[in-house]
Amino acid sequence: MEWERLLSLKRHGDTYKRLRKEQDETRLGFEVDYDRVIFSSPFRSLQDKTQVVPMPISVGAKKEFVHTRLTHSLEVSVVGRSLGRVAGKGILEKHPHLKDVHGYHFNDFGAIVAAAALAHDIGNPPFGHSGEKAIGSYFERGSGAKYREQLTDEEFQDLVDFEGNANGFKLLTESREGVSGGLRLSYATLGAFMKYPKGSLPKKPSKHIVDKKFGFFQSDKDSFLDVVTELGLASNPNNPEIGFFRHPLTYLVEAADDICYTIIDFEDGINLGLIPEDYALEYLIKLVKDKISTKKYNTLTNSSDRLSYLRALAISTLISDAVSVFKQYEKEILDGTFATSLLDKGNYKAQIDDIIQLSIKKIYQSAEVLDKELAGYKIINDLLEIYSQALVHKMKGTASNYDALLIKSLPESFQNSEKSLYKTFLNLSCFVASLSDSAAVHLHNKIAGRQI
């Protein structure tokens, strides 16, 4: 892969190139990407979507804050911007023609990574990762399974493995009436966004991280191929028909996410009282022991100040570590042979693993979290069941008055049942995924007659 193509400023939906040296420095194209994401409706809905604790709760006036998908995404974008800028300086030093001939600056890399990182969770359903599993479970084991024979293998796999990354790509790129190219982001940002540039099938598990999940639905195959062709992404020999290796900057987007959920989710666990504070601080000190100023730390008498100090040090430490790995393995990343995340190759993998294991035990598997995820499963299953029946009846011309009322309760863009059963179910799944936690609860209560 070549940086000149990977840094394409061309916008999805455009028919002409955009050159970096002709850009307006006061409003750079990559920065426009960030603005378009942050002002989009799907991004705004993240303010009421689960990050760690589904349907965030109050645990008292003193420590009631937990992160949502929105605050998490903003923090990931800030970390991503730093990663991109530092890595960008190294890339330009190694490939000076990118600056001398094409006009790129190190801030460009930061802007691309920040925009892609800002959008990284934009397609995720309500109720955390259990939301994805709940949608897939309805089609794999629930009432949706009876439609299996009416769908192609790829279409059915899209549904049973419903993937927030693929839904995010759909939201960013799908054309609407009068709007070609979705949010019309640059190809560079779209490439950096795609963690898993492959379809849901064929499933060919490998040790390469790119084969872990999939990144686009069959309905968006043409847009996906358009992006990978423009950027010149390398074909993945494990899946040469429809699989590609990552855009190099995707590794930085992933690192930003990994850093934030490792440290910030851990911090939420402390603030929720799920992890004893003194115990947790020891884990963070192990991570930053080479950089911590014992004198400064001992002057912090407030526990929240100590936690903030350690958090900032931990994030800074992991940013430096991730960029160091990126620089060391740049050739392998460009070749597509770098098969793992940056942090997995870093110097702090053992400390990170310890923190994550404690978070799994104390936070993700806590009774509080599991109870809320269980409720989310029920809500999503019921919504899919009720609306899918109504939409199928409409397709068959047998819709009842109740079916018609249900369909009218959908946003106008989701009311038309498609001729394709696959697109009908996919659009319905994407509608459910678009709901915030409280919107899903409200709609479920309304349909059940518990709220008017």
# chains A, B, ... in the order shown; residues from 1 in each chain; ligands from 1
$ closest_atom_pairs --of "stretch 207-285 of chain A" --to "stretch 73-95 of chain A" --cutoff "9 Å" --atoms "only C-alpha atoms" --output "CSV"
residue,atom,partner,partner_atom,distance
A:Leu249,CA,A:Gly84,CA,7.6
A:Leu252,CA,A:Leu83,CA,6.4
A:Val253,CA,A:Gly80,CA,5.8
A:Glu254,CA,A:Gly80,CA,8.6
A:Ala255,CA,A:Gly80,CA,7.8
A:Ala256,CA,A:Gly80,CA,5.0
A:Asp257,CA,A:Val76,CA,5.5
A:Asp258,CA,A:Val76,CA,8.7
A:Ile259,CA,A:Val76,CA,8.1
A:Cys260,CA,A:Val76,CA,6.1
A:Tyr261,CA,A:Val76,CA,8.7
$ closest_atom_pairs --of "stretch 390-428 of chain A" --to "stretch 138-161 of chain A" --cutoff "12 Å" --atoms "only C-alpha atoms" --output "tab-separated table"
residue	atom	partner	partner_atom	distance
A:Val392	CA	A:Tyr147	CA	10.5
A:Ser420	CA	A:Leu151	CA	9.2
A:Leu421	CA	A:Leu151	CA	7.5
A:Tyr422	CA	A:Glu155	CA	6.3
A:Lys423	CA	A:Glu155	CA	8.8
A:Thr424	CA	A:Leu159	CA	11.2
A:Phe425	CA	A:Leu159	CA	7.9
A:Leu426	CA	A:Leu159	CA	6.8
A:Asn427	CA	A:Leu159	CA	10.4
A:Leu428	CA	A:Leu159	CA	10.5
$ write_last_selection --atoms "C-alpha atoms" --output "PDB file, in the first residue's frame"
ATOM      1  CA  VAL A 392     -43.648  -9.034   6.228  1.00  0.00           C
ATOM      2  CA  SER A 420     -36.155  -7.711  -0.803  1.00  0.00           C
ATOM      3  CA  LEU A 421     -36.742  -9.590   2.445  1.00  0.00           C
ATOM      4  CA  TYR A 422     -33.060  -9.096   3.278  1.00  0.00           C
ATOM      5  CA  LYS A 423     -33.222  -5.320   2.962  1.00  0.00           C
ATOM      6  CA  THR A 424     -36.440  -5.224   4.968  1.00  0.00           C
ATOM      7  CA  PHE A 425     -34.838  -7.120   7.841  1.00  0.00           C
ATOM      8  CA  LEU A 426     -31.544  -5.263   7.572  1.00  0.00           C
ATOM      9  CA  ASN A 427     -33.277  -1.871   7.603  1.00  0.00           C
ATOM     10  CA  LEU A 428     -35.334  -2.949  10.611  1.00  0.00           C
TER      11      LEU A 428
END
$ residues_around --residues "A:Phe127" --least-positions-apart "3" --cutoff "8 Å" --atoms "only C-alpha atoms" --output "number ranges by chain"
A: 49-50, 54-55, 130-131, 372-373, 376, 437
$ write_last_selection --atoms "N, CA and C atoms" --output "short mmCIF file (atom, residue, chain, number, x, y, z; two decimals), in the first residue's frame"
data_model
loop_
_atom_site.label_atom_id
_atom_site.label_comp_id
_atom_site.auth_asym_id
_atom_site.auth_seq_id
_atom_site.Cartn_x
_atom_site.Cartn_y
_atom_site.Cartn_z
N LYS A 49 -26.47 6.10 24.74
CA LYS A 49 -26.18 4.70 24.48
C LYS A 49 -25.11 4.20 25.45
N THR A 50 -25.23 2.95 25.82
CA THR A 50 -24.37 2.37 26.84
C THR A 50 -22.92 2.26 26.41
N PRO A 54 -25.06 -0.50 31.13
CA PRO A 54 -26.27 -0.25 30.35
C PRO A 54 -27.23 0.64 31.12
N MET A 55 -27.86 1.56 30.40
CA MET A 55 -28.78 2.52 30.99
C MET A 55 -28.16 3.12 32.25
N SER A 130 -24.11 -6.26 24.05
CA SER A 130 -25.21 -7.22 24.10
C SER A 130 -26.28 -6.86 23.07
N GLY A 131 -26.33 -5.58 22.65
CA GLY A 131 -27.29 -5.18 21.63
C GLY A 131 -27.03 -5.86 20.30
N LYS A 372 -29.08 -5.41 33.50
CA LYS A 372 -29.48 -4.42 32.50
C LYS A 372 -29.34 -4.99 31.08
N GLU A 373 -28.29 -5.79 30.84
CA GLU A 373 -28.13 -6.40 29.53
C GLU A 373 -29.26 -7.40 29.25
N GLY A 376 -32.14 -5.50 28.12
CA GLY A 376 -31.92 -5.06 26.75
C GLY A 376 -32.19 -6.15 25.73
N ASP A 437 -30.69 3.97 24.35
CA ASP A 437 -31.20 3.07 25.39
C ASP A 437 -32.60 3.48 25.84
#
$ select_by_dssp --residues "stretch 144-364 of chain A" --states "alpha helix (DSSP H)" --output "number ranges by chain"
A: 153-160, 164-173, 187-193, 221-231, 250-271, 277-288, 294-299, 303-328, 330-335, 349-359
$ residues_around --residues "A:Gly168" --least-positions-apart "2" --cutoff "8 Å" --atoms "only C-alpha atoms" --output "CSV table (one decimal) with C-alpha atoms, in the first residue's frame"
chain,number,residue,atom,x,y,z
A,119,ALA,CA,-17.1,7.7,14.3
A,120,HIS,CA,-15.9,4.3,15.5
A,121,ASP,CA,-19.0,3.5,17.6
A,122,ILE,CA,-21.6,5.3,15.5
A,123,GLY,CA,-23.2,2.1,14.3
A,124,ASN,CA,-23.5,0.4,17.7
A,164,GLY,CA,-21.8,-2.4,14.7
A,165,ASN,CA,-18.8,-1.7,12.5
A,166,ALA,CA,-20.7,-2.6,9.3
A,170,LYS,CA,-23.6,2.0,6.2
A,171,LEU,CA,-24.4,5.2,8.2
A,172,LEU,CA,-21.3,7.0,6.9
$ residues_around --residues "A:Ser8" --least-positions-apart "4" --cutoff "7 Å" --atoms "only C-alpha atoms" --output "JSON, numbers by chain"
{"A": [186, 187, 188, 231]}
$ write_last_selection --atoms "N, CA and C atoms" --output "PDB file, in the first residue's frame"
ATOM      1  N   SER A 186     -14.047  11.966   3.504  1.00  0.00           N
ATOM      2  CA  SER A 186     -12.910  11.651   2.641  1.00  0.00           C
ATOM      3  C   SER A 186     -12.661  10.146   2.657  1.00  0.00           C
ATOM      4  N   TYR A 187     -12.095   9.654   1.581  1.00  0.00           N
ATOM      5  CA  TYR A 187     -11.782   8.220   1.502  1.00  0.00           C
ATOM      6  C   TYR A 187     -10.750   7.836   2.550  1.00  0.00           C
ATOM      7  N   ALA A 188      -9.834   8.744   2.874  1.00  0.00           N
ATOM      8  CA  ALA A 188      -8.822   8.442   3.893  1.00  0.00           C
ATOM      9  C   ALA A 188      -9.482   8.168   5.239  1.00  0.00           C
ATOM     10  N   LEU A 231      -8.356   3.715  -2.332  1.00  0.00           N
ATOM     11  CA  LEU A 231      -7.234   3.766  -1.404  1.00  0.00           C
ATOM     12  C   LEU A 231      -6.121   2.784  -1.757  1.00  0.00           C
TER      13      LEU A 231
END
$ residues_around --residues "stretch 309-325 of chain A" --least-positions-apart "5" --cutoff "7 Å" --atoms "only C-alpha atoms" --output "JSON, numbers by chain"
{"A": [83, 87, 255, 259, 263, 284, 285, 287, 288, 342, 343, 345, 346, 347]}
$ closest_atom_pairs --of "stretch 336-362 of chain A" --to "stretch 195-215 of chain A" --cutoff "12 Å" --atoms "only C-alpha atoms" --output "Markdown table"
| residue | atom | partner | partner_atom | distance |
| --- | --- | --- | --- | --- |
| A:Gly336 | CA | A:Val210 | CA | 9.4 |
| A:Thr337 | CA | A:His208 | CA | 8.2 |
| A:Phe338 | CA | A:His208 | CA | 7.7 |
| A:Ala339 | CA | A:His208 | CA | 4.2 |
| A:Thr340 | CA | A:Ile209 | CA | 5.3 |
| A:Ser341 | CA | A:Ile209 | CA | 7.2 |
| A:Leu342 | CA | A:Ile209 | CA | 10.8 |
| A:Asp344 | CA | A:Ile209 | CA | 10.9 |
$ write_last_selection --atoms "C-alpha atoms" --output "CSV table (one decimal), in the first residue's frame"
chain,number,residue,atom,x,y,z
A,336,GLY,CA,-0.6,-6.1,5.5
A,337,THR,CA,1.5,-8.6,7.4
A,338,PHE,CA,1.1,-7.0,10.8
A,339,ALA,CA,-1.4,-9.3,12.3
A,340,THR,CA,-2.2,-7.9,15.8
A,341,SER,CA,-3.1,-4.7,17.6
A,342,LEU,CA,-0.4,-2.2,18.4
A,344,ASP,CA,-0.5,-6.4,21.9
$ closest_residue --among "A:Val113, A:Ser366, A:Tyr283, A:Asn401" --to "A:Asp353" --atoms "only C-alpha atoms"
A:Tyr283
$ decode --residues "stretch 116-239 of chain A" --atoms "C-alpha atoms" --output "tab-separated table (two decimals), in the first residue's frame"
chain	number	residue	atom	x	y	z
A	116	ALA	CA	-12.38	8.03	12.20
A	117	ALA	CA	-12.07	7.54	15.97
A	118	LEU	CA	-14.97	9.91	16.59
A	119	ALA	CA	-17.14	7.72	14.33
A	120	HIS	CA	-15.86	4.34	15.52
A	121	ASP	CA	-18.98	3.49	17.60
A	122	ILE	CA	-21.55	5.34	15.50
A	123	GLY	CA	-23.22	2.12	14.32
A	124	ASN	CA	-23.47	0.38	17.70
A	125	PRO	CA	-26.94	-0.62	18.99
A	126	PRO	CA	-28.32	0.30	22.43
A	127	PHE	CA	-27.41	-1.67	25.56
A	128	GLY	CA	-23.73	-2.14	24.77
A	129	HIS	CA	-22.29	-5.09	22.90
A	130	SER	CA	-25.21	-7.22	24.10
A	131	GLY	CA	-27.29	-5.18	21.63
A	132	GLU	CA	-25.40	-6.65	18.67
A	133	LYS	CA	-25.80	-10.15	20.10
A	134	ALA	CA	-29.51	-9.62	20.73
A	135	ILE	CA	-30.16	-8.63	17.10
A	136	GLY	CA	-28.16	-11.60	15.81
A	137	SER	CA	-29.83	-13.99	18.23
A	138	TYR	CA	-33.31	-13.07	16.95
A	139	PHE	CA	-32.37	-14.24	13.44
A	140	GLU	CA	-30.24	-17.19	14.48
A	141	ARG	CA	-32.35	-18.71	17.25
A	142	GLY	CA	-35.49	-16.60	17.50
A	143	SER	CA	-38.49	-16.14	15.23
A	144	GLY	CA	-36.34	-14.65	12.48
A	145	ALA	CA	-34.69	-18.05	11.90
A	146	LYS	CA	-37.73	-19.24	9.93
A	147	TYR	CA	-36.75	-16.93	7.07
A	148	ARG	CA	-33.35	-18.60	6.63
A	149	GLU	CA	-34.22	-20.38	3.38
A	150	GLN	CA	-35.45	-17.16	1.78
A	151	LEU	CA	-32.07	-15.43	2.15
A	152	THR	CA	-28.66	-16.01	0.60
A	153	ASP	CA	-25.89	-17.26	2.85
A	154	GLU	CA	-24.25	-13.82	2.89
A	155	GLU	CA	-27.52	-12.02	3.64
A	156	PHE	CA	-28.37	-14.35	6.51
A	157	GLN	CA	-24.86	-14.04	7.94
A	158	ASP	CA	-25.15	-10.24	7.92
A	159	LEU	CA	-28.18	-10.60	10.19
A	160	VAL	CA	-27.07	-13.35	12.58
A	161	ASP	CA	-23.69	-11.65	13.07
A	162	PHE	CA	-25.12	-8.11	13.08
A	163	GLU	CA	-22.06	-5.93	13.39
A	164	GLY	CA	-21.83	-2.36	14.66
A	165	ASN	CA	-18.78	-1.71	12.46
A	166	ALA	CA	-20.71	-2.64	9.33
A	167	ASN	CA	-23.68	-0.55	10.43
A	168	GLY	CA	-21.32	2.35	11.03
A	169	PHE	CA	-19.96	2.06	7.49
A	170	LYS	CA	-23.56	2.05	6.23
A	171	LEU	CA	-24.41	5.21	8.16
A	172	LEU	CA	-21.30	7.02	6.91
A	173	THR	CA	-21.61	6.06	3.24
A	174	GLU	CA	-25.22	5.25	2.35
A	175	SER	CA	-26.73	7.61	-0.21
A	176	ARG	CA	-30.13	9.13	0.47
A	177	GLU	CA	-32.50	10.88	-1.89
A	178	GLY	CA	-30.71	14.03	-2.98
A	179	VAL	CA	-27.60	13.19	-0.94
A	180	SER	CA	-25.00	11.07	-2.71
A	181	GLY	CA	-22.29	9.44	-0.60
A	182	GLY	CA	-23.85	9.65	2.85
A	183	LEU	CA	-21.87	12.06	5.04
A	184	ARG	CA	-19.48	12.51	2.11
A	185	LEU	CA	-16.37	11.88	4.15
A	186	SER	CA	-12.91	11.65	2.64
A	187	TYR	CA	-11.78	8.22	1.50
A	188	ALA	CA	-8.82	8.44	3.89
A	189	THR	CA	-11.14	8.81	6.89
A	190	LEU	CA	-13.45	6.04	5.66
A	191	GLY	CA	-10.44	3.77	5.20
A	192	ALA	CA	-9.14	4.51	8.69
A	193	PHE	CA	-12.63	3.78	10.06
A	194	MET	CA	-12.78	0.25	8.61
A	195	LYS	CA	-11.33	-2.10	11.25
A	196	TYR	CA	-12.42	-5.24	9.41
A	197	PRO	CA	-12.43	-4.65	5.62
A	198	LYS	CA	-14.22	-7.86	4.65
A	199	GLY	CA	-17.72	-9.27	4.26
A	200	SER	CA	-19.56	-11.52	6.72
A	201	LEU	CA	-18.76	-14.50	4.47
A	202	PRO	CA	-16.69	-16.45	3.82
A	203	LYS	CA	-15.77	-17.03	7.44
A	204	LYS	CA	-12.10	-17.94	7.43
A	205	PRO	CA	-10.76	-17.44	10.94
A	206	SER	CA	-7.05	-16.72	11.10
A	207	LYS	CA	-4.51	-15.28	13.50
A	208	HIS	CA	-4.67	-11.96	11.64
A	209	ILE	CA	-6.78	-9.40	13.47
A	210	VAL	CA	-8.40	-8.27	10.23
A	211	ASP	CA	-10.33	-11.57	10.04
A	212	LYS	CA	-11.86	-11.22	13.52
A	213	LYS	CA	-15.15	-9.59	12.38
A	214	PHE	CA	-16.59	-8.00	9.24
A	215	GLY	CA	-16.99	-4.40	8.16
A	216	PHE	CA	-19.81	-4.04	5.61
A	217	PHE	CA	-23.24	-5.44	4.82
A	218	GLN	CA	-24.03	-6.94	1.43
A	219	SER	CA	-26.24	-3.93	0.71
A	220	ASP	CA	-23.15	-1.71	0.90
A	221	LYS	CA	-20.76	-3.90	-1.08
A	222	ASP	CA	-20.41	-1.44	-3.96
A	223	SER	CA	-19.53	1.43	-1.62
A	224	PHE	CA	-17.03	-0.76	0.19
A	225	LEU	CA	-15.29	-1.82	-3.04
A	226	ASP	CA	-15.25	1.81	-4.17
A	227	VAL	CA	-13.40	2.83	-1.00
A	228	VAL	CA	-10.82	0.03	-1.07
A	229	THR	CA	-10.16	0.63	-4.77
A	230	GLU	CA	-9.62	4.36	-4.31
A	231	LEU	CA	-7.23	3.77	-1.40
A	232	GLY	CA	-5.44	0.81	-2.95
A	233	LEU	CA	-5.90	-1.45	0.08
A	234	ALA	CA	-4.01	-4.71	-0.29
A	235	SER	CA	-5.99	-7.89	-0.94
A	236	ASN	CA	-6.05	-10.43	1.88
A	237	PRO	CA	-4.92	-13.84	0.50
A	238	ASN	CA	-6.99	-15.55	3.21
A	239	ASN	CA	-10.08	-14.08	1.54
